[in-house]
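Take a look at the structure set out below.
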Amino acid sequence: MTDMNTISQGDAARAEIDVNAPGSIRVLVAKLGLDGHDRGAKVVARILRDAGMEVVYTGLYKSPKDVVTAAIQEDVDVIGVSLLSGSHLPLFQELGRCLREKQAEHIFVVAGGVIPEHDYAALSDSGVDAIVPQEARGDLIVTTIRKLIAERGLK
Amino acid sequence: MNLFSAEAIEDIREKQAAWEANELAATLNSRPEEKAAYETECGIPLKRIYTAADVAGIPAGDLGFPGAYPFTRGAYPTMYRGRPWTIRQVAGFGNPEATNQRYKYMIQTGQTGLSTDFDLPTLLGLDSDDPMAFGEVGRVGVAIDTVDDVDRLFDGIDLEKISVSLTINPSAWVIYAMFVAVAERRGYDLTKLTGTLQADPLKEYVAQKEWIYPVRPAVRLLRDLIMHSAKTTPKLNPISLSGYHLSDVGGNALQEIAFIMAFTIAYCEEVIAAGMDIDDFAPRLSFFFISHQDFFEQICKFRAARRVYARIMSEQFHAKKPESMRLRVHVQTAAMSLTKVEHHNNLMRTAIQALGAVLGGCQSMHTNGLDEAFAIPTEEAMKLAIRTQQIIRDEINVTSVIDPLGGSYFVERLTHDMETEIWKVLDEVKERGGAIKLVEEGWFQQKLADSAYATFKKIDSGEKVSVGVNRHVDETSGSAEVHIHPYDDQCTQLQIDRLNAVRTERDNGLVKQLLAELAEQAQSDDINLLPKTIELVKARATLGEICSALREVWGSYAEPMIV
C-alpha cells in the first residue's frame, strides 16, 4: 500500500519515492464522456497493474467532474484518460478546470487514445502532463508515469 | 459420403509418410523452420501442408452448393455473377445536412448503398442539449434529435430505391420509428423500404458499450422491433448481429462467431416465446463481421459461420424456409489493423482484407479509409476506399467463380476445425445458462478483455507483427500529418436551436400524454412499444424524451467492473 502520509507531505518527500516499488504509484484509469471504446483503457489498466502500480478503473461514461471526484476519493497520483471519440479538447479542458476548482492540480493527467498531434499543444495548455501515442509499447506507458512522479520535485 | 475414396486416402498417407522421412527430414536438418509451431490468430494449429487425407473425414454434405443448405459455399446460387456485393461506406457527422451532402458525393462516386453513423448522444438516447452531450454532438456521427432531422438526413434521396443501413443500437427503435414516419410523410410504400438497423443489444454490453437500460429491457425492445418490422416493413432487416465489435474489443475469430451465434439463439428464443414463428422473422436477421488480418482464417470464418447458422436454424429452431437458414453478411475491414505510422500502408492492409471478404462471400462491404486511425475519413480517403472495392470487383476476375477456394484441402480443413470450436463454445454457453444471463454476469466481457490483453502482449513482444510499428521500422518516416476531417463547431448550437423551436411549436400536452402512455405500456412485457413510439415521433417528441420516459420505468444499466 502507498503511504498516504508521505503523499500529503508535498513535493520534497515525493521526490524520494521509489517509483519502481510495487504499490508506490496509484493510478485512476478513466473514460471521459460518452466514448465507449474501453479496450485500450482496460489493457492499460492491466499493464500498469502488472508493473506494480495500484490501479482503479472508473468504468464508462464519466463526466470530468465524476473523474476528479473519484481521483480525490481514491487519492491517486495520476489520472490516465483514454479517449477515442475526438472530443478530447473540450473534455480535457473541463477536466483541467475541475482539477483546479478542487485544488487537485497535483494529480497528473496522462492522455492516450486517438489524439492527433496538432492537438498536443492545446492539451498541454489544458493541464495534460503527458500524451502517450496510439502505438506506444507497454513499457513507454509505464515509464511515462514513473518519470512524471520521479520529477515531481523538480516541477 | 466422404470427399475421397478410402484407397486414395491410404495411398496419400503412405506417400506423405515417405516424403516426411526423406525430402522433408533432409531439408529440416539443413534448414530448420523459422518457428517451432504455426497457428492461426485464434490459435488453431496449422500443419505445413494439407492433403486429401486431412479432409477425408468431412462429409460431402458439409459443403453442399451455394444458396442451398448448409450454405458453406455461399448465400446465393449465383453469388457475384448475379449481383455484386453492395459497396456500402458508412458516413455520418455533424448536422443532418452535412451527412446528406457526403451521401450525395458517395453516390456520385459509385457507392450502391447508404450507411449512417450516429453521434454518441443519439446512440445513447440523449438530446443534443443534454449536459452529458457536451462536446459530443455531431462528432463521431450525425446528430439526430427529432423526426425532422431524419427527413433532412435523407433529403433528395429516394428511400424506395436505395437501401439504408442505420448503425444505431440502444435507441434503435426510436430511429426506426422516425424512419417509418419520414417514409409515410413522403408517401412511400413501407413494404418497399430496404435497409438494415444494427440494433444488436447484447453485443453492446460486451463490446461496443453503448447502453441505456439494463440487459433484459434492451432485449425486449429488440424483440418488439423485430416483430413490428416483420409486419410493417418486411424488406427491412431489423437487426445486424455484429461480430465486428467483438473483434474490435479484442475477440478472436472464434469468439466473434461463437458469441454472435449465442446472441442469435437468445434473440430467436425471445421472439419465439412472444408467439412469432421462426420463418416469419429469421429471413430478416442479418450479420456484420470483420475481415481481419489472418487471411485464410478469415475466409474460413465466413464459411464456418454460414454452416453453423444454417444448422442452428434448422436443427434447433426447426426453420423450414431456406431464407431462414441463409446467413447474409455485411463486412468491414479491420480498423484495429490500421496504423498511424506510415498511414499509406493502410491502403494495402485494407485491400487484402477486402479481398478476403470477397473470397469469403460477403453481401456488402465497407472498406476503411486510410486515415481512420486518426479521425473520420476525408472525402479523398473514402474515394480510395471505394476504388479499392471497385478494383477487386471489376479488374481482377475474382467474381466469376463462386467460392473459388472451396475444395482446397487447407480451407476445408480449417473451416471444419473452426466450426468444431464454435460448437464447443455454444455448448458451454448453453450449459452456463444462456447468453443473456452470461452477459449480465460479465462472462463474455471477461473473455474478450483477456483476449485483448493477450493480443497486446503479442504486439508488445513483437510476436504479432505490425509493419512500420514493430517490424521494418523506419525512424525517419514517423507519423505524417494528414488532412483531418474538420469538426464543425456550429453543429451543437444549430441542433439546440432546432430543439428549442420544436418544443415551442408542437402540441406539448399531446407529447406529455403519449410519453405517459409509453411508460405505462413498458410496464407490461406483452405490449409492443413500436406503435406508441411512432405516434410519439410524429407528435415531434424528441429522442431524448422518449428514451428518458423508459429510463424512469426500467432504470439504467450498471456495468460489471471487469478489467
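Identifiers in the C-alpha cells: chain A, B, ... in order shown; residue index from 1 per chain; ligand index from 1 in order shown.
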Report as CSV the residues of chain A within 7 Å of chain B, each with its shortest atom pair and distance in Å (one decimal), using only C-alpha atoms, ordered by chain and increasing residue number.
```
residue,atom,partner,partner_atom,distance
A:Leu34,CA,B:Leu120,CA,6.2
A:Gly36,CA,B:Lys209,CA,5.0
A:His37,CA,B:Gln208,CA,6.7
A:Arg39,CA,B:Val249,CA,5.2
A:Lys42,CA,B:Val563,CA,5.2
A:Val43,CA,B:Tyr453,CA,5.5
A:Gly59,CA,B:Met561,CA,6.7
A:Ser85,CA,B:Val140,CA,6.4
A:Gly86,CA,B:Arg139,CA,6.8
A:Ser87,CA,B:Gly135,CA,5.7
A:Pro90,CA,B:Gly135,CA,5.8
A:Leu91,CA,B:Gly135,CA,6.9
A:Val114,CA,B:Phe374,CA,6.2
A:Pro116,CA,B:Phe374,CA,6.4
A:Arg137,CA,B:Asp460,CA,5.7
A:Gly138,CA,B:Asp460,CA,6.6
```
- Message: When you look at Ile265 of chain B with a cut-off of 9 Å (counting only C-alpha atoms), what residues show up, excluding the ones that are within fewer than 2 positions of it in the same chain? I need them as a PyMOL selection string.
- Response: chain B and resi 260-263+267-270+312-313+316-317+434-435
Given the selection you just returned, output its residues as a file containing C-alpha atoms, formatted as a short mmCIF file (atom, residue, chain, number, x, y, z; two decimals), in the first residue's frame.
```
data_model
loop_
_atom_site.label_atom_id
_atom_site.label_comp_id
_atom_site.auth_asym_id
_atom_site.auth_seq_id
_atom_site.Cartn_x
_atom_site.Cartn_y
_atom_site.Cartn_z
CA ILE B 260 -22.66 -13.80 -32.03
CA MET B 261 -24.34 -17.16 -32.64
CA ALA B 262 -25.04 -17.40 -28.91
CA PHE B 263 -26.71 -13.98 -29.11
CA TYR B 267 -32.90 -13.34 -29.64
CA CYS B 268 -34.69 -16.10 -31.53
CA GLU B 269 -35.83 -17.65 -28.27
CA GLU B 270 -37.26 -14.29 -27.14
CA ILE B 312 -28.82 -23.69 -35.63
CA MET B 313 -31.82 -22.51 -37.61
CA GLN B 316 -32.52 -26.06 -33.06
CA PHE B 317 -35.35 -23.84 -34.29
CA GLY B 434 -27.53 -18.93 -21.93
CA ALA B 435 -26.27 -15.71 -23.44
#
```
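In the backbone-derived DSSP annotation, strand (DSSP E) within chain A comprises Arg26, Val27, Leu28, Val29, Ala30, Glu54, Val55, Val56, Tyr57, Val78, Ile79, Gly80, Val81, Ser82, Leu83, Phe108, Val109, Val110, Ala111, Gly112, Gly113, Ala130 and Ile131 of chain A.
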Put those residues in a file: C-alpha atoms, as a JSON list (two decimals), in the first residue's frame.
```json
[["chain", "number", "residue", "atom", "x", "y", "z"],
["A", 26, "ARG", "CA", -1.74, 4.94, -7.64],
["A", 27, "VAL", "CA", -3.48, 5.50, -10.97],
["A", 28, "LEU", "CA", -7.08, 6.16, -11.89],
["A", 29, "VAL", "CA", -7.73, 4.83, -15.40],
["A", 30, "ALA", "CA", -10.68, 6.86, -16.63],
["A", 54, "GLU", "CA", -2.26, 0.30, -7.90],
["A", 55, "VAL", "CA", -4.99, 0.85, -10.45],
["A", 56, "VAL", "CA", -8.59, 1.93, -10.14],
["A", 57, "TYR", "CA", -10.79, 1.86, -13.26],
["A", 78, "VAL", "CA", -2.20, 10.05, -11.83],
["A", 79, "ILE", "CA", -5.38, 10.14, -13.88],
["A", 80, "GLY", "CA", -4.92, 8.23, -17.13],
["A", 81, "VAL", "CA", -7.63, 9.06, -19.67],
["A", 82, "SER", "CA", -8.22, 7.08, -22.85],
["A", 83, "LEU", "CA", -10.28, 8.91, -25.46],
["A", 108, "PHE", "CA", -1.01, 14.26, -13.04],
["A", 109, "VAL", "CA", -3.11, 13.84, -16.16],
["A", 110, "VAL", "CA", -1.92, 11.44, -18.86],
["A", 111, "ALA", "CA", -3.84, 11.18, -22.12],
["A", 112, "GLY", "CA", -4.00, 8.32, -24.60],
["A", 113, "GLY", "CA", -6.20, 7.06, -27.43],
["A", 130, "ALA", "CA", 1.85, 13.72, -20.91],
["A", 131, "ILE", "CA", 0.35, 12.18, -24.03]]
```
- Message: Going by DSSP on the backbone, which residues of chain A come out as helix (DSSP H, G or I)? List them as a ChimeraX atom specification.
- Response: /A:4-8,11-15,39-50,64-73,88-101,117-125,138-150,152-154
- Task: Just the residues within 8 Å of Met178 of chain B, please, counting only C-alpha atoms, with nothing from its chain fewer than 5 positions along; format it as a ChimeraX atom specification.
- Result: /B:146-147,150,534,537-538
Selection to disk with C-alpha atoms, as a PDB file, in the first residue's frame:
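Output saved as selection.pdb:
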```pdb
ATOM      1  CA  THR B 146     -36.345  14.649 -33.890  1.00  0.00           C
ATOM      2  CA  VAL B 147     -38.111  13.154 -36.899  1.00  0.00           C
ATOM      3  CA  VAL B 150     -34.144  12.142 -40.265  1.00  0.00           C
ATOM      4  CA  ILE B 534     -44.239   6.005 -33.903  1.00  0.00           C
ATOM      5  CA  VAL B 537     -42.123  10.827 -33.109  1.00  0.00           C
ATOM      6  CA  LYS B 538     -44.961  12.024 -35.335  1.00  0.00           C
TER       7      LYS B 538
END
```
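Residues in contact with Ser171 of chain B at 10 Å, where only C-alpha atoms are counted and same-chain residues fewer than 3 positions away are skipped, are listed as Pro121, Thr122, Leu123, Leu124, Gly125, Leu126, Ile168, Val174, Ile175, Tyr176, Ala199, Pro201, Glu210, Trp211, Ile212, Ala218, Leu221, Leu222, Leu543, Gly544, Ile546 and Cys547 of chain B.
Ranking B:Arg83, B:Arg185, B:Lys532, B:Arg328 by their shortest atom-to-atom distance to Leu241 of chain B, with only C-alpha atoms included, puts B:Arg328 first.
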